[in-house]
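Data file: model_32.pdb. Format and content: PDB, C-alpha atoms.
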ATOM      1  CA  MET Y  19    -213.452 -36.357-103.267
ATOM      2  CA  THR Y  20    -214.932 -37.114-106.699
ATOM      3  CA  SER Y  21    -212.930 -36.781-109.917
ATOM      4  CA  SER Y  22    -214.941 -33.697-110.928
ATOM      5  CA  THR Y  23    -214.194 -32.089-107.568
ATOM      6  CA  VAL Y  24    -210.479 -32.793-107.992
ATOM      7  CA  LEU Y  25    -210.535 -31.171-111.446
ATOM      8  CA  GLU Y  26    -212.311 -28.123-110.049
ATOM      9  CA  ALA Y  27    -209.736 -27.819-107.247
ATOM     10  CA  ARG Y  28    -206.848 -27.924-109.732
ATOM     11  CA  THR Y  29    -208.326 -25.253-112.022
ATOM     12  CA  ARG Y  30    -209.588 -22.725-109.502
ATOM     13  CA  VAL Y  31    -209.193 -19.098-110.471
ATOM     14  CA  LEU Y  32    -207.005 -16.815-108.343
ATOM     15  CA  GLU Y  33    -209.672 -14.149-108.485
ATOM     16  CA  LYS Y  34    -208.099 -11.772-105.976
ATOM     17  CA  THR Y  35    -204.389 -12.488-106.357
ATOM     18  CA  ARG Y  36    -201.718 -10.825-108.487
ATOM     19  CA  VAL Y  37    -198.728 -13.051-109.254
ATOM     20  CA  LEU Y  38    -195.394 -11.410-110.088
ATOM     21  CA  VAL Y  39    -192.520 -13.659-111.179
ATOM     22  CA  PHE Y  40    -189.064 -12.062-110.951
ATOM     23  CA  ALA Y  41    -186.990 -13.896-113.541
ATOM     24  CA  LEU Y  42    -184.112 -13.350-115.947
ATOM     25  CA  LYS Y  43    -181.381 -15.703-117.116
ATOM     26  CA  ALA Y  44    -178.603 -13.502-115.786
ATOM     27  CA  GLY Y  45    -177.084 -13.371-112.322
ATOM     28  CA  GLY Y  46    -176.993 -10.347-110.051
ATOM     29  CA  THR Y  47    -179.751  -8.396-111.782
ATOM     30  CA  ALA Y  48    -181.553  -7.277-108.599
ATOM     31  CA  LYS Y  49    -184.247  -9.978-108.637
ATOM     32  CA  THR Y  50    -183.978 -10.463-104.876
ATOM     33  CA  SER Y  51    -183.715  -6.793-103.913
ATOM     34  CA  SER Y  52    -186.684  -6.009-106.171
ATOM     35  CA  CYS Y  53    -188.795  -8.895-104.883
ATOM     36  CA  THR Y  54    -188.144  -8.176-101.203
ATOM     37  CA  SER Y  55    -188.433  -4.396-101.566
ATOM     38  CA  LEU Y  56    -191.788  -4.622-103.297
ATOM     39  CA  ALA Y  57    -193.012  -7.204-100.784
ATOM     40  CA  ALA Y  58    -192.237  -4.861 -97.882
ATOM     41  CA  ILE Y  59    -193.840  -1.891 -99.655
ATOM     42  CA  LEU Y  60    -197.008  -3.776-100.559
ATOM     43  CA  GLY Y  61    -197.287  -5.076 -97.011
ATOM     44  CA  ALA Y  62    -196.975  -1.540 -95.647
ATOM     45  CA  ARG Y  63    -199.662  -0.410 -98.100
ATOM     46  CA  GLY Y  64    -202.105  -2.941 -96.701
ATOM     47  CA  TYR Y  65    -201.747  -5.861 -99.123
ATOM     48  CA  LYS Y  66    -201.293  -9.382 -97.855
ATOM     49  CA  VAL Y  67    -198.202 -10.709 -99.631
ATOM     50  CA  LEU Y  68    -196.625 -14.132-100.093
ATOM     51  CA  VAL Y  69    -193.010 -14.472-101.291
ATOM     52  CA  ILE Y  70    -191.845 -17.807-102.719
ATOM     53  CA  ASP Y  71    -188.062 -18.238-102.763
ATOM     54  CA  LEU Y  72    -187.065 -20.570-105.603
ATOM     55  CA  ASP Y  73    -183.433 -19.499-105.827
ATOM     56  CA  PRO Y  74    -181.023 -22.078-104.326
ATOM     57  CA  GLN Y  75    -178.978 -19.176-102.972
ATOM     58  CA  CYS Y  76    -181.995 -18.451-100.726
ATOM     59  CA  ASN Y  77    -181.276 -14.718-100.735
ATOM     60  CA  SER Y  78    -184.899 -13.612-100.362
ATOM     61  CA  SER Y  79    -185.163 -15.935 -97.383
ATOM     62  CA  GLN Y  80    -182.125 -14.298 -95.822
ATOM     63  CA  VAL Y  81    -183.366 -10.755 -96.420
ATOM     64  CA  LEU Y  82    -186.789 -11.650 -95.019
ATOM     65  CA  GLY Y  83    -185.421 -13.157 -91.826
ATOM     66  CA  PHE Y  84    -184.824 -16.833 -92.570
ATOM     67  CA  GLY Y  85    -181.128 -17.136 -93.178
ATOM     68  CA  ARG Y  86    -181.322 -19.577 -90.271
ATOM     69  CA  PHE Y  87    -184.012 -22.242 -90.014
ATOM     70  CA  ARG Y  88    -185.577 -23.377 -86.768
ATOM     71  CA  PRO Y  89    -185.272 -27.090 -85.943
ATOM     72  CA  GLU Y  90    -187.887 -29.048 -87.897
ATOM     73  CA  GLN Y  91    -188.920 -25.976 -89.902
ATOM     74  CA  LYS Y  92    -190.217 -26.794 -93.369
ATOM     75  CA  GLY Y  93    -189.108 -24.968 -96.496
ATOM     76  CA  ILE Y  94    -189.303 -25.008-100.267
ATOM     77  CA  THR Y  95    -187.517 -28.341-100.762
ATOM     78  CA  HIS Y  96    -189.973 -30.093 -98.425
ATOM     79  CA  VAL Y  97    -192.768 -28.867-100.697
ATOM     80  CA  MET Y  98    -190.927 -30.085-103.811
ATOM     81  CA  LYS Y  99    -190.535 -33.513-102.200
ATOM     82  CA  GLU Y 100    -194.254 -33.454-101.355
ATOM     83  CA  GLU Y 101    -193.551 -33.857 -97.648
ATOM     84  CA  VAL Y 102    -195.796 -30.836 -96.993
ATOM     85  CA  GLN Y 103    -198.187 -28.691 -99.004
ATOM     86  CA  LEU Y 104    -197.133 -25.223-100.135
ATOM     87  CA  GLN Y 105    -199.388 -23.570 -97.579
ATOM     88  CA  ASP Y 106    -197.801 -25.614 -94.767
ATOM     89  CA  ALA Y 107    -194.366 -24.059 -95.387
ATOM     90  CA  VAL Y 108    -195.578 -20.445 -95.111
ATOM     91  CA  VAL Y 109    -194.095 -18.344 -92.277
ATOM     92  CA  GLN Y 110    -194.322 -14.638 -91.534
ATOM     93  CA  ALA Y 111    -191.441 -12.606 -92.915
ATOM     94  CA  ARG Y 112    -189.331 -10.665 -90.436
ATOM     95  CA  TYR Y 113    -186.295  -8.405 -90.182
ATOM     96  CA  LEU Y 114    -183.315  -8.313 -87.863
ATOM     97  CA  VAL Y 115    -183.346  -5.703 -85.092
ATOM     98  CA  ASP Y 116    -180.809  -7.049 -82.565
ATOM     99  CA  ASP Y 117    -177.874  -9.396 -82.106
ATOM    100  CA  ILE Y 118    -178.736 -13.080 -82.316
ATOM    101  CA  ASP Y 119    -179.017 -14.852 -78.963
ATOM    102  CA  PRO Y 120    -178.321 -18.564 -79.574
ATOM    103  CA  GLU Y 121    -180.691 -19.404 -76.740
ATOM    104  CA  ASP Y 122    -183.566 -17.460 -78.317
ATOM    105  CA  PRO Y 123    -182.705 -16.471 -81.902
ATOM    106  CA  ASP Y 124    -186.279 -15.493 -82.798
ATOM    107  CA  ALA Y 125    -186.160 -12.651 -80.250
ATOM    108  CA  ALA Y 126    -183.770 -10.727 -82.527
ATOM    109  CA  TYR Y 127    -186.462 -10.243 -85.197
ATOM    110  CA  GLU Y 128    -189.542  -8.129 -85.730
ATOM    111  CA  PRO Y 129    -192.339  -9.313 -88.052
ATOM    112  CA  ILE Y 130    -192.938  -7.531 -91.349
ATOM    113  CA  GLU Y 131    -196.579  -6.546 -91.456
ATOM    114  CA  ASN Y 132    -198.683  -8.484 -93.973
ATOM    115  CA  VAL Y 133    -195.655 -10.225 -95.554
ATOM    116  CA  PHE Y 134    -195.164 -13.992 -95.514
ATOM    117  CA  ILE Y 135    -192.671 -16.305 -97.208
ATOM    118  CA  VAL Y 136    -192.113 -19.885 -98.275
ATOM    119  CA  PRO Y 137    -188.378 -19.824 -97.522
ATOM    120  CA  GLY Y 138    -185.480 -21.882 -98.741
ATOM    121  CA  ASN Y 139    -182.916 -23.267 -96.327
ATOM    122  CA  VAL Y 140    -179.417 -22.573 -97.643
ATOM    123  CA  ASP Y 141    -178.072 -25.316 -95.334
ATOM    124  CA  ASP Y 142    -180.431 -27.955 -96.719
ATOM    125  CA  PRO Y 143    -178.394 -30.304 -98.975
ATOM    126  CA  ASP Y 144    -181.426 -30.658-101.247
ATOM    127  CA  VAL Y 145    -181.585 -26.931-102.004
ATOM    128  CA  ASP Y 146    -178.899 -27.342-104.679
ATOM    129  CA  GLU Y 147    -180.735 -30.351-106.100
ATOM    130  CA  THR Y 148    -184.034 -28.712-107.005
ATOM    131  CA  GLU Y 149    -183.702 -29.500-110.705
ATOM    132  CA  ARG Y 150    -183.164 -33.163-109.892
ATOM    133  CA  LEU Y 151    -186.077 -33.198-107.471
ATOM    134  CA  LEU Y 152    -188.446 -31.606-109.953
ATOM    135  CA  ASN Y 153    -187.415 -34.018-112.695
ATOM    136  CA  ASP Y 154    -187.905 -37.060-110.458
ATOM    137  CA  PRO Y 155    -191.377 -38.583-110.955
ATOM    138  CA  LYS Y 156    -191.492 -39.359-107.222
ATOM    139  CA  TYR Y 157    -191.754 -35.663-106.413
ATOM    140  CA  ALA Y 158    -193.656 -32.542-107.439
ATOM    141  CA  ASP Y 159    -194.685 -32.012-111.060
ATOM    142  CA  SER Y 160    -194.637 -28.796-113.120
ATOM    143  CA  TYR Y 161    -197.872 -27.584-111.555
ATOM    144  CA  TRP Y 162    -196.953 -27.662-107.874
ATOM    145  CA  ILE Y 163    -196.844 -23.874-107.478
ATOM    146  CA  ARG Y 164    -199.950 -23.358-109.599
ATOM    147  CA  ASP Y 165    -201.918 -25.939-107.620
ATOM    148  CA  GLY Y 166    -200.478 -24.817-104.285
ATOM    149  CA  LEU Y 167    -201.635 -21.267-104.913
ATOM    150  CA  ALA Y 168    -205.055 -22.540-105.970
ATOM    151  CA  ASP Y 169    -205.341 -24.238-102.586
ATOM    152  CA  MET Y 170    -204.773 -20.812-100.984
ATOM    153  CA  ASP Y 171    -207.103 -18.902-103.305
ATOM    154  CA  GLY Y 172    -208.260 -15.722-101.623
ATOM    155  CA  GLN Y 173    -205.555 -15.673 -98.936
ATOM    156  CA  TRP Y 174    -203.113 -13.375-100.753
ATOM    157  CA  ASP Y 175    -203.437 -10.081-102.571
ATOM    158  CA  ALA Y 176    -200.047 -10.582-104.187
ATOM    159  CA  VAL Y 177    -197.651 -13.497-104.677
ATOM    160  CA  LEU Y 178    -194.045 -12.591-105.518
ATOM    161  CA  ILE Y 179    -191.757 -15.371-106.781
ATOM    162  CA  ASP Y 180    -187.966 -14.962-106.725
ATOM    163  CA  CYS Y 181    -186.437 -17.242-109.376
ATOM    164  CA  PRO Y 182    -182.893 -18.486-109.981
ATOM    165  CA  ALA Y 183    -180.866 -17.102-112.879
ATOM    166  CA  THR Y 184    -181.788 -20.037-115.127
ATOM    167  CA  TYR Y 185    -184.798 -21.264-117.086
ATOM    168  CA  GLY Y 186    -184.618 -24.713-115.554
ATOM    169  CA  ARG Y 187    -187.497 -26.676-114.078
ATOM    170  CA  ALA Y 188    -187.814 -24.494-110.960
ATOM    171  CA  THR Y 189    -188.281 -21.278-112.940
ATOM    172  CA  VAL Y 190    -190.608 -22.993-115.413
ATOM    173  CA  THR Y 191    -192.884 -24.019-112.521
ATOM    174  CA  ALA Y 192    -193.199 -20.320-111.680
ATOM    175  CA  PHE Y 193    -194.012 -19.472-115.303
ATOM    176  CA  VAL Y 194    -196.600 -22.265-115.356
ATOM    177  CA  ALA Y 195    -198.411 -20.593-112.446
ATOM    178  CA  LEU Y 196    -199.365 -17.806-114.866
ATOM    179  CA  ASP Y 197    -202.390 -19.202-116.656
ATOM    180  CA  LYS Y 198    -205.185 -17.278-118.364
ATOM    181  CA  ASN Y 199    -207.230 -17.216-115.157
ATOM    182  CA  VAL Y 200    -204.475 -15.522-113.138
ATOM    183  CA  ASP Y 201    -203.731 -11.813-113.033
ATOM    184  CA  GLY Y 202    -199.975 -12.115-113.271
ATOM    185  CA  GLU Y 203    -196.818 -11.445-115.227
ATOM    186  CA  VAL Y 204    -193.086 -11.986-115.427
ATOM    187  CA  VAL Y 205    -191.166  -8.905-114.266
ATOM    188  CA  PRO Y 206    -187.492  -9.023-115.307
ATOM    189  CA  PRO Y 207    -185.207  -6.756-113.254
ATOM    190  CA  ILE Y 208    -182.184  -5.840-115.361
ATOM    191  CA  LEU Y 209    -178.965  -3.873-115.046
ATOM    192  CA  CYS Y 210    -177.796  -1.412-117.666
ATOM    193  CA  THR Y 211    -175.284  -3.576-119.490
ATOM    194  CA  PHE Y 212    -175.369  -5.153-122.925
ATOM    195  CA  LYS Y 213    -175.526  -8.622-121.331
ATOM    196  CA  GLU Y 214    -178.825  -7.955-119.588
ATOM    197  CA  GLY Y 215    -180.277  -6.277-122.675
ATOM    198  CA  GLY Y 216    -179.709  -9.497-124.618
ATOM    199  CA  ALA Y 217    -181.174 -11.526-121.753
ATOM    200  CA  LEU Y 218    -184.499  -9.729-122.199
ATOM    201  CA  VAL Y 219    -184.770 -10.973-125.769
ATOM    202  CA  ARG Y 220    -184.064 -14.533-124.631
ATOM    203  CA  LEU Y 221    -186.673 -14.245-121.889
ATOM    204  CA  GLU Y 222    -189.330 -13.248-124.411
ATOM    205  CA  LYS Y 223    -188.397 -16.255-126.560
ATOM    206  CA  LYS Y 224    -188.594 -18.599-123.563
ATOM    207  CA  LEU Y 225    -192.034 -17.343-122.577
ATOM    208  CA  GLN Y 226    -193.285 -17.731-126.136
ATOM    209  CA  GLU Y 227    -191.909 -21.281-126.199
ATOM    210  CA  ILE Y 228    -193.851 -22.153-123.048
ATOM    211  CA  ARG Y 229    -197.061 -20.580-124.365
ATOM    212  CA  GLU Y 230    -196.761 -22.644-127.550
ATOM    213  CA  LEU Y 231    -196.023 -26.009-125.941
ATOM    214  CA  ARG Y 232    -199.156 -28.076-126.325
ATOM    215  CA  LYS Y 233    -199.039 -29.544-122.801
ATOM    216  CA  TYR Y 234    -199.188 -26.008-121.409
ATOM    217  CA  ALA Y 235    -201.356 -24.402-124.085
ATOM    218  CA  VAL Y 236    -204.229 -26.821-123.444
ATOM    219  CA  LYS Y 237    -204.215 -25.716-119.806
ATOM    220  CA  GLY Y 238    -204.226 -22.028-120.705
ATOM    221  CA  ILE Y 239    -200.700 -21.374-119.462
ATOM    222  CA  GLN Y 240    -199.860 -17.881-120.710
ATOM    223  CA  PRO Y 241    -196.794 -16.323-119.038
ATOM    224  CA  GLU Y 242    -196.072 -12.857-120.400
ATOM    225  CA  MET Y 243    -193.569 -10.073-119.801
ATOM    226  CA  ARG Y 244    -195.691  -6.934-119.404
ATOM    227  CA  HIS Y 245    -193.148  -4.703-117.687
ATOM    228  CA  VAL Y 246    -189.386  -4.242-117.547
ATOM    229  CA  LEU Y 247    -187.688  -3.030-114.363
ATOM    230  CA  VAL Y 248    -184.332  -1.282-114.757
ATOM    231  CA  CYS Y 249    -182.242  -1.408-111.575
ATOM    232  CA  CYS Y 250    -178.939   0.302-110.761
ATOM    233  CA  ALA Y 251    -179.772   2.842-113.454
ATOM    234  CA  PRO Y 252    -176.966   5.330-114.107
ATOM    235  CA  ASN Y 253    -177.181   8.955-113.041
ATOM    236  CA  SER Y 254    -174.861  11.930-112.592
ATOM    237  CA  SER Y 255    -172.948  10.225-109.768
ATOM    238  CA  PHE Y 256    -172.914   6.628-111.000
ATOM    239  CA  GLY Y 257    -172.418   4.976-114.360
ATOM    240  CA  THR Y 258    -170.179   4.749-117.416
ATOM    241  CA  LYS Y 259    -170.833   5.537-121.057
ATOM    242  CA  GLU Y 260    -171.719   1.861-121.511
ATOM    243  CA  HIS Y 261    -174.400   2.105-118.811
ATOM    244  CA  PHE Y 262    -175.948   5.196-120.367
ATOM    245  CA  ARG Y 263    -175.790   3.693-123.862
ATOM    246  CA  THR Y 264    -177.532   0.498-122.740
ATOM    247  CA  LEU Y 265    -180.147   2.454-120.802
ATOM    248  CA  GLY Y 266    -180.920   4.432-123.936
ATOM    249  CA  GLU Y 267    -181.306   1.220-125.945
ATOM    250  CA  ILE Y 268    -183.603  -0.292-123.331
ATOM    251  CA  GLU Y 269    -185.708   2.868-123.143
ATOM    252  CA  GLU Y 270    -186.069   2.876-126.914
ATOM    253  CA  ALA Y 271    -186.896  -0.823-127.243
ATOM    254  CA  TYR Y 272    -189.214  -1.137-124.226
ATOM    255  CA  ALA Y 273    -190.616   2.367-123.832
ATOM    256  CA  ASP Y 274    -194.215   1.169-123.534
ATOM    257  CA  VAL Y 275    -193.526  -1.302-120.724
ATOM    258  CA  LEU Y 276    -190.724   0.345-118.769
ATOM    259  CA  LEU Y 277    -191.349   0.801-115.053
ATOM    260  CA  PRO Y 278    -189.912   3.777-113.102
ATOM    261  CA  LEU Y 279    -186.126   3.499-112.928
ATOM    262  CA  VAL Y 280    -184.394   2.327-109.750
ATOM    263  CA  HIS Y 281    -180.973   3.952-109.378
ATOM    264  CA  TRP Y 282    -177.902   2.558-107.683
ATOM    265  CA  SER Y 283    -177.424   3.092-103.959
ATOM    266  CA  GLY Y 284    -174.928   1.831-101.424
ATOM    267  CA  GLU Y 285    -177.868   0.842 -99.195
ATOM    268  CA  VAL Y 286    -178.851  -2.109-101.386
ATOM    269  CA  PRO Y 287    -175.858  -4.409-100.663
ATOM    270  CA  LYS Y 288    -176.534  -4.058 -96.910
ATOM    271  CA  ILE Y 289    -179.820  -5.964 -97.064
ATOM    272  CA  TYR Y 290    -178.118  -9.369 -96.848
ATOM    273  CA  ARG Y 291    -175.854  -8.618 -93.887
ATOM    274  CA  ASP Y 292    -178.625  -6.771 -92.054
ATOM    275  CA  GLU Y 293    -181.389  -9.245 -93.004
ATOM    276  CA  CYS Y 294    -183.754  -6.438 -93.811
ATOM    277  CA  PRO Y 295    -185.345  -5.209 -97.066
ATOM    278  CA  VAL Y 296    -184.414  -1.750 -98.335
ATOM    279  CA  PRO Y 297    -187.724   0.029 -97.548
ATOM    280  CA  ILE Y 298    -187.394  -0.905 -93.865
ATOM    281  CA  LEU Y 299    -183.606  -0.655 -93.622
ATOM    282  CA  ALA Y 300    -183.363   2.730 -95.349
ATOM    283  CA  PRO Y 301    -186.886   4.110 -95.951
ATOM    284  CA  ASN Y 302    -185.629   7.498 -97.122
ATOM    285  CA  SER Y 303    -183.045   6.128 -99.533
ATOM    286  CA  MET Y 304    -183.318   6.630-103.278
ATOM    287  CA  PRO Y 305    -184.110   2.965-104.077
ATOM    288  CA  ALA Y 306    -186.790   2.791-101.370
ATOM    289  CA  GLN Y 307    -188.502   5.856-102.805
ATOM    290  CA  GLU Y 308    -188.177   4.547-106.351
ATOM    291  CA  TYR Y 309    -189.474   1.086-105.517
ATOM    292  CA  ASN Y 310    -192.507   2.864-104.082
ATOM    293  CA  LYS Y 311    -193.046   4.399-107.518
ATOM    294  CA  VAL Y 312    -192.640   0.965-109.091
ATOM    295  CA  ALA Y 313    -195.310  -0.462-106.766
ATOM    296  CA  SER Y 314    -197.732   2.253-107.818
ATOM    297  CA  ALA Y 315    -196.936   1.734-111.499
ATOM    298  CA  LEU Y 316    -197.669  -1.984-111.099
ATOM    299  CA  GLY Y 317    -201.150  -1.103-109.810
ATOM    300  CA  PHE Y 318    -200.789  -1.296-106.035
ATOM    301  CA  PRO Y 319    -201.921   2.054-104.573
ATOM    302  CA  GLN Y 320    -202.035   2.689-100.845
ATOM    303  CA  ARG Y 321    -205.083   1.013 -99.368
ATOM    304  CA  ALA Y 322    -207.369   3.118 -97.245
ATOM    305  CA  GLY Y 323    -207.539   2.349 -93.545
TER     306      GLY Y 323
END
Do you think you could lay out the structure here as structure tokens?
Amino acid sequence: MTSSTVLEARTRVLEKTRVLVFALKAGGTAKTSSCTSLAAILGARGYKVLVIDLDPQCNSSQVLGFGRFRPEQKGITHVMKEEVQLQDAVVQARYLVDDIDPEDPDAAYEPIENVFIVPGNVDDPDVDETERLLNDPKYADSYWIRDGLADMDGQWDAVLIDCPATYGRATVTAFVALDKNVDGEVVPPILCTFKEGGALVRLEKKLQEIRELRKYAVKGIQPEMRHVLVCCAPNSSFGTKEHFRTLGEIEEAYADVLLPLVHWSGEVPKIYRDECPVPILAPNSMPAQEYNKVASALGFPQRAG
């Protein structure tokens, strides 16, 4: 491969792929439930979806059927260590339908149509060392997600990235995947508390910092927050005065970019135990219906046929 060919391969445009990065420097803000819910909905609507689980808690992996890894299965840390390419760690997402048989654990799952995942293995000792791995010159650089997606250009209609609750190296590699040639954005799911409201301001500052860094600016890296997703929104049966006050402040500050609200439901905490995203676990529940509205607002209508 000539040097010009290598350059072309590293700067390919994701002409047919939307990239949504679920990120906010605050824990428990519904990043995983939002990522997995939208993945299941988009898959059901006919879009081919890839989820990348960057969170060392590996919650998206658990919800999408990979709380347990097969022997020799490759995951996100193998990609970071450059033992495999990103595309080589992709597996079809699935959900639990039966008790696990130790002799044949895969038989307990059904595949989720059109949804795939690069999972993280919560039992992998390296999963808690991702920052060290990504700062070690022996392993992947800041562009490993960006370049890995370029290698799969045309394979996915949507790529959804579930980030940890930090702006460390792992999350930055997701932001770096959003260059000027990619149709993508950072979607912060937030709860209705003052803490999360402040986290939005810090997210905007972080994204601006990345856009202004010369090493990223020269490559056209342009991560932006174009929408805000409010989860566990208060209503007549759930919420305190603080929740309603914060919701009002968020609606006032981000009125132009606010997605349809997702209200609290007791179905959401079940997704981890049941290893199944909300739209499949409880399709008639309030959050499943509201995440459907979010998918439409993000520009993913039902595909014909």
Please produce, as a tab-separated table, a per-residue contact table for range 33-142 of chain Y versus range 207-210 of chain Y (criterion: any atom at most 9 Å away, all atoms listed in the file considered), showing the nearest atom pair and its distance in Å to one decimal, sorted by chain then residue number.
residue	atom	partner	partner_atom	distance
Y:Phe40	CA	Y:Pro207	CA	7.0
Y:Ala41	CA	Y:Pro207	CA	7.4
Y:Leu42	CA	Y:Pro207	CA	7.2
Y:Ala44	CA	Y:Ile208	CA	8.5
Y:Gly46	CA	Y:Leu209	CA	8.4
Y:Thr47	CA	Y:Ile208	CA	5.0
Y:Ala48	CA	Y:Pro207	CA	5.9
Y:Lys49	CA	Y:Pro207	CA	5.7
Y:Ser52	CA	Y:Pro207	CA	7.3
So which residues fall inside 10 Å of (-197.0, -21.8, -111.6) if we count only C-alpha atoms? Mind giving them as a PyMOL selection string? chain Y and resi 37+39+160-168+179+188-197+200+239+241
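CA of Val205 in chain Y to CA of Leu72 in chain Y spans 15.1 Å [interatomic distance, one decimal].
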Show me the residues around (-190.2, -16.4, -95.5) - criterion: an atom at most 9 Å away, all atoms listed in the file counted - as a ChimeraX atom specification. /Y:68-71,78-84,93,107-112,133-138
Using only C-alpha atoms for the distances, tell me which of Y:Ala322, Y:Val177, Y:Leu231, Y:Leu265 is nearest to Ala62 in chain Y.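 Between Y:Ala322, Y:Val177, Y:Leu231, Y:Leu265, the residue approaching Ala62 in chain Y most closely is Y:Ala322.
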